[in-house]
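Please read the structure below before turning to the comments.
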Amino acid sequence: MIEFRRVTKQFPDGTVAVEDVDIVMPPHKTTVLVGSSGSGKTTLLRMINRMVDPTGGQVLIDGMDVATQDPVQLRRGIGYVMQNSGLLPHRKVIDNVATVPLLRGVGKREAYAHALELLDTVGLDRSLADRYPSQLSGGQQQRVGVARGLAVDPNILLMDEPFGAVDPIVRAELQQELLRLQGELGKTVVFVTHDIDEAFLLGDQVVIMQQGGKISQAASPAEILAHPADDFVADFVGADRGKRALHVTEVDGRNVVVDADGRPAGVLTS
Amino acid sequence: MNLFFDGIAWILDPTNWTGPGSIPERIGQHLVISAVVLVIASIIALPVGGAVGHTGRGKDLSVMVSGGLRALPTLGVLTLFALWLGIGLQAPIIALVILAIPPLLAGAYAGLESVDRRTIDAARAMGMREGQIVGRVELPLGMPIVVGGIRSATLQIIATATLAAYVADFGLGRFIFAGLKTRDYAEMLGGSILVIILALVVDGCFAITQRLVVPAGVRAAMATDLRSRPTRPRAAVGRPITEGNPE
Amino acid sequence: MNWLWSNLDLVGELMLVHLALSVPAIILSFVISVPIGWLAHRYRWSRGVLLSLCGLLYAIPSLALFVALPPITGLSLRSPLNLVIALTLYGIAVIVRTSADAFDSVEPDIRQSATAVGYSAVGRFWGVELPLAGPVLLSGVRVVIVSTVSLATVGAVIGVPSLGSLFTDGFQRGIQAEIVTGIVATIVLALALDWASVLIGRLLLPWSRPSASARRLSVARVERVDAA
């Protein structure tokens with residue numbers, strides 16, 4: 001479990017990235033932080049592995065304040081997947097995946113064997129192991145990034161807009177892959193995105209953030225749609241318009257669900 | 001063109017290849033002094049440049065220092081030190097070290113600085129220590145530029161060492177100054193040709209080294225992207241990483 | 001200081017001589033390099049050859065080049081023209097690379113939109129590419145200014161008078177003040193020319209602060225990306 005207690009981050013230049021945030025991120029669930037740029041979502045994520053230290057409040061992992069832990073050891077125990085994969089361009093795919101286990105002192109043979117298994121896990125062909133990152137497609141690079149994040153079998157996986165730079169078709173594929181993986185592995189995932197659809201698709205808990213690093217609402221997707229906390233949230237999730245404002249019309253005796261623009265979204269079966 | 005043949009004839013003259021002050025001896029002196037100077041200057045400049053490139057601190061200062069040192073006229077520095085320290089190798093060595101520092105410093109910090117900030121960020125997020133980030137990520141990726149700095153410094157040293165024969169009795173420059181004094185243009189030209197060959201050979205060796213130190217993954221990227229992208233990775237795309245606690 | 005006061009005339013005169021050596025070399029190398037750099041930018045196959053040639057030229061030690069040039073040019077070793085040619089060659093070696101980079105730095109989108117609105121190839125070069133390459137070109141010129149002014153002093157050892165004569169004379173007669181004066185005068189001259197080039201750049205390229213380095217430009221680009 002990850003817990004933020006009255007966390008504030010003010011950068012030296014005076015900008016407040018995160019203000020007085022309290023959240024509990026339940027174990028083995030996916031928490032998605034969603035908001036536009038400047039809402040402090042990435043800063044919040046980076047506080048978990050001490051890439052950023054808060055200027056006020058505490059971040060706790062299983063009841064332990066991360067500030068008391070050595071940042072390097074802490075990071076080696078937490079998976080991190082970032083936009084543009086963040087792979088080391090001068091290392092082969094297999095070396096990239098095995099980096100953190102090797103840093104932790106795992107034997108070479110074991111680390112590489114495990115890295116190959118991880119390629120299977122994320123749905124990559126083992127023949128790609130000897131390629132360099134630049135020789136892979138964007139989607140493949142992102143899968144390698146996920147494999148690397150999982151390499152030390154961490155309890156926590158941090159994902160910072162991991163699918164932001166790939167095209168929509170590949171993104172949809174990767175999102176389904178992540179859901180499948182999460183169903184198998186049950187990690188505590190913290191996922192940052194600015195795409196509300198992605199947030200609703202992946203999140204057990206969705207945290208909607210607004211400018212200045214404040215939380216507008218933290219709840220399940222259904223809860224947010226049913227009871228948006230305020231106008232900002234309602235507007236942000238588009239609850240009253242577009243494809244979320246669904247209503248039922250009868251067509252040839254069947255109940256068809258259509259959105260606000262009258263486009264059919266599905267059939268009501270029950 | 002006759003003059004050129006005189007110069008080449010002087011080089012080929014067997015009497016110039018034996019005895020004190022012979023061509024092999026002068027080449028040896030030139031190379032040894034250059035190597036000594038390069039090592040001393042590297043020990044001073046590379047760690048400082050590396051630290052500046054890694055932390056980003058003191059960048060303005062080191063740009064100023066290396067830019068300012070570049071404006072120093074080499075001959076002035078050589079003659080001044082020769083007056084202070086007298087005849088001997090001490091003066092030219094110190095002067096050469098001072099003049100070799102700017103390119104080394106610039107190469108070291110530009111090399112480390114050229115590495116994509118996102119890659120470094122990822123390395124830190126994985127739990128690499130600062131030393132590991134420098135050793136395993138920044139140095140290998142920035143190495144071509146660092147070697148480029150060493151290359152410019154070496155050329156600078158070889159050129160200035162030629163000039164240093166004006167104040168000390170060593171190196172291939174002696175032939176030029178000796179020829180100037182005795183109005184023996186063949187000797188001057190012969191010496192110049194030798195210096196040019198020496199510089200080009202050393203430069204060629206560095207060009208090859210510079211190519212060899214490009215990491216394979218980066219070379220692969222260049223091969224596939226040659227048509228669509230500038231050869232240098234553009235650090236400009238994507239979000240700038242301003243957050244983080246480099247410890 | 002006493003030495004300087006009693007030799008002010010000499011220093012002033014040598015400064016003018018030094019200017020007469022370095023300014024033509026700087027201007028010539030710029031004028032010659034821009035078309036070569038454009039060639040290297042425009043035709044990929046020529047790039048490697050041209051830039052390698054410049055690299056070789058740059059690798060040649062100055063003193064050796066001064067001595068090796070007269071048989072090719074037919075000039076006397078002590079001719080100032082010989083020195084100007086050598087300095088021009090060094091300048092070319094530096095600016096060609098920068099000028100190829102400068103033309104590379106013009107966004108392809110801008111070039112294509114210029115073609116789309118009806119610029120001819122020639123008009124596009126003078127009206128779009130050259131001005132937009134200006135800031136990077138200027139940075140190359142500034143490097144050449146500093147190196148040319150410094151290199152010109154080397155000519156003194158083979159008997160071409162310049163501020164470098166203060167070094168040879170001071171060394172032979174053991175006058176430290178003379179050498180120090182020479183060093184300071186050389187740096188002052190380089191700074192003055194550098195300042196003049198920045199001023200000219202500001203007049204010709206009013207839309208871009210010439211001090212804006214490539215780095216700052218790229219930061220601006222990042223900000224634009226983020227705002228979008």
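Chain lettering (A, B, ...) mirrors the order of the structure tokens, residue numbering begins at 1 for each chain separately, and ligand numbering begins at 1 in order of display.
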Met143 (chain B) environment, 9 Å, only C-alpha atoms, sequence neighbours closer than 5 positions dropped, as a list of chain:residue names: B:Ala108, B:Gly111, B:Leu112, B:Glu138, B:Gly148, B:Gln210, B:Val213, B:Val214, B:Pro215
Just the residues within 8 Å of region 92-107 of chain B, please, counting only C-alpha atoms, with nothing from its chain fewer than 2 positions along; format it as a VMD selection string. chain B and resid 33 37 to 38 40 to 42 44 to 46 48 to 50 62 to 63 65 to 67 69 to 70 74 77 to 78 81 to 82 88 to 90 109 to 111 145 to 150 152 to 154 156 to 157 160 to 161 164 167 to 168
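Of the residues listed (A:His28, A:Lys92, A:Lys9, A:His114), A:His28 shows the shortest atom-to-atom separation from Val190 (chain A); distances use only C-alpha atoms.
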Pull out every residue of chain A that has at least one atom within 12 Å of chain C, counting only C-alpha atoms, and report them as a PDB file with all heavy atoms, in the first residue's frame.
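File written: result-v9.pdb
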```pdb
ATOM      1  N   SER A  36      -4.390  17.336 -16.712  1.00  0.00           N
ATOM      2  CA  SER A  36      -3.684  17.970 -17.822  1.00  0.00           C
ATOM      3  C   SER A  36      -2.262  18.298 -17.383  1.00  0.00           C
ATOM      4  O   SER A  36      -1.910  18.126 -16.213  1.00  0.00           O
ATOM      5  CB  SER A  36      -4.438  19.225 -18.256  1.00  0.00           C
ATOM      6  OG  SER A  36      -4.745  20.002 -17.131  1.00  0.00           O
ATOM      7  N   SER A  37      -1.434  18.794 -18.327  1.00  0.00           N
ATOM      8  CA  SER A  37      -0.049  19.062 -17.953  1.00  0.00           C
ATOM      9  C   SER A  37      -0.021  20.209 -16.955  1.00  0.00           C
ATOM     10  O   SER A  37      -0.808  21.147 -17.046  1.00  0.00           O
ATOM     11  CB  SER A  37       0.786  19.376 -19.187  1.00  0.00           C
ATOM     12  OG  SER A  37       0.242  20.459 -19.875  1.00  0.00           O
ATOM     13  N   GLY A  38       0.876  20.083 -15.970  1.00  0.00           N
ATOM     14  CA  GLY A  38       0.941  21.097 -14.930  1.00  0.00           C
ATOM     15  C   GLY A  38       0.077  20.765 -13.732  1.00  0.00           C
ATOM     16  O   GLY A  38      -0.028  21.557 -12.797  1.00  0.00           O
TER      17      GLY A  38
END
```
Give me, as a compact mmCIF listing (two decimals) with N, CA, C and O atoms, in the first residue's frame, the contact residues of chain A against chain B at a cut-off of 6 Å, counting only C-alpha atoms.
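iface-v7.txt was written with the following content:
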```
# COMPACT_ATOMS: atom_id res chain seq x y z
N MET A 51 12.47 10.13 -6.77
CA MET A 51 13.07 10.94 -7.83
C MET A 51 12.80 12.40 -7.51
O MET A 51 13.51 13.30 -7.96
N VAL A 52 11.74 12.63 -6.75
CA VAL A 52 11.43 13.96 -6.23
C VAL A 52 11.16 13.79 -4.74
O VAL A 52 10.49 12.83 -4.34
N VAL A 72 18.63 4.99 -3.74
CA VAL A 72 19.09 4.04 -4.75
C VAL A 72 18.51 2.65 -4.48
O VAL A 72 17.98 1.99 -5.39
N ARG A 75 14.77 2.61 -5.28
CA ARG A 75 14.45 2.58 -6.71
C ARG A 75 14.68 1.21 -7.30
O ARG A 75 13.98 0.79 -8.22
N ARG A 76 15.71 0.51 -6.79
CA ARG A 76 15.99 -0.82 -7.33
C ARG A 76 14.89 -1.81 -7.00
O ARG A 76 14.81 -2.87 -7.61
N GLY A 86 12.65 5.04 -22.30
CA GLY A 86 13.83 5.32 -21.48
C GLY A 86 14.86 4.21 -21.52
O GLY A 86 15.64 4.04 -20.59
N PRO A 89 20.25 3.35 -25.03
CA PRO A 89 20.38 3.09 -26.46
C PRO A 89 21.60 2.25 -26.83
O PRO A 89 21.64 1.66 -27.90
N HIS A 90 22.61 2.20 -25.93
CA HIS A 90 23.83 1.48 -26.27
C HIS A 90 23.84 0.05 -25.73
O HIS A 90 24.85 -0.64 -25.83
N TYR A 132 19.18 -3.81 -30.74
CA TYR A 132 19.32 -2.57 -29.98
C TYR A 132 17.96 -1.85 -29.99
O TYR A 132 17.17 -2.03 -30.92
N SER A 134 16.99 0.99 -30.83
CA SER A 134 16.66 1.77 -32.03
C SER A 134 16.18 0.89 -33.17
O SER A 134 15.64 1.39 -34.15
```
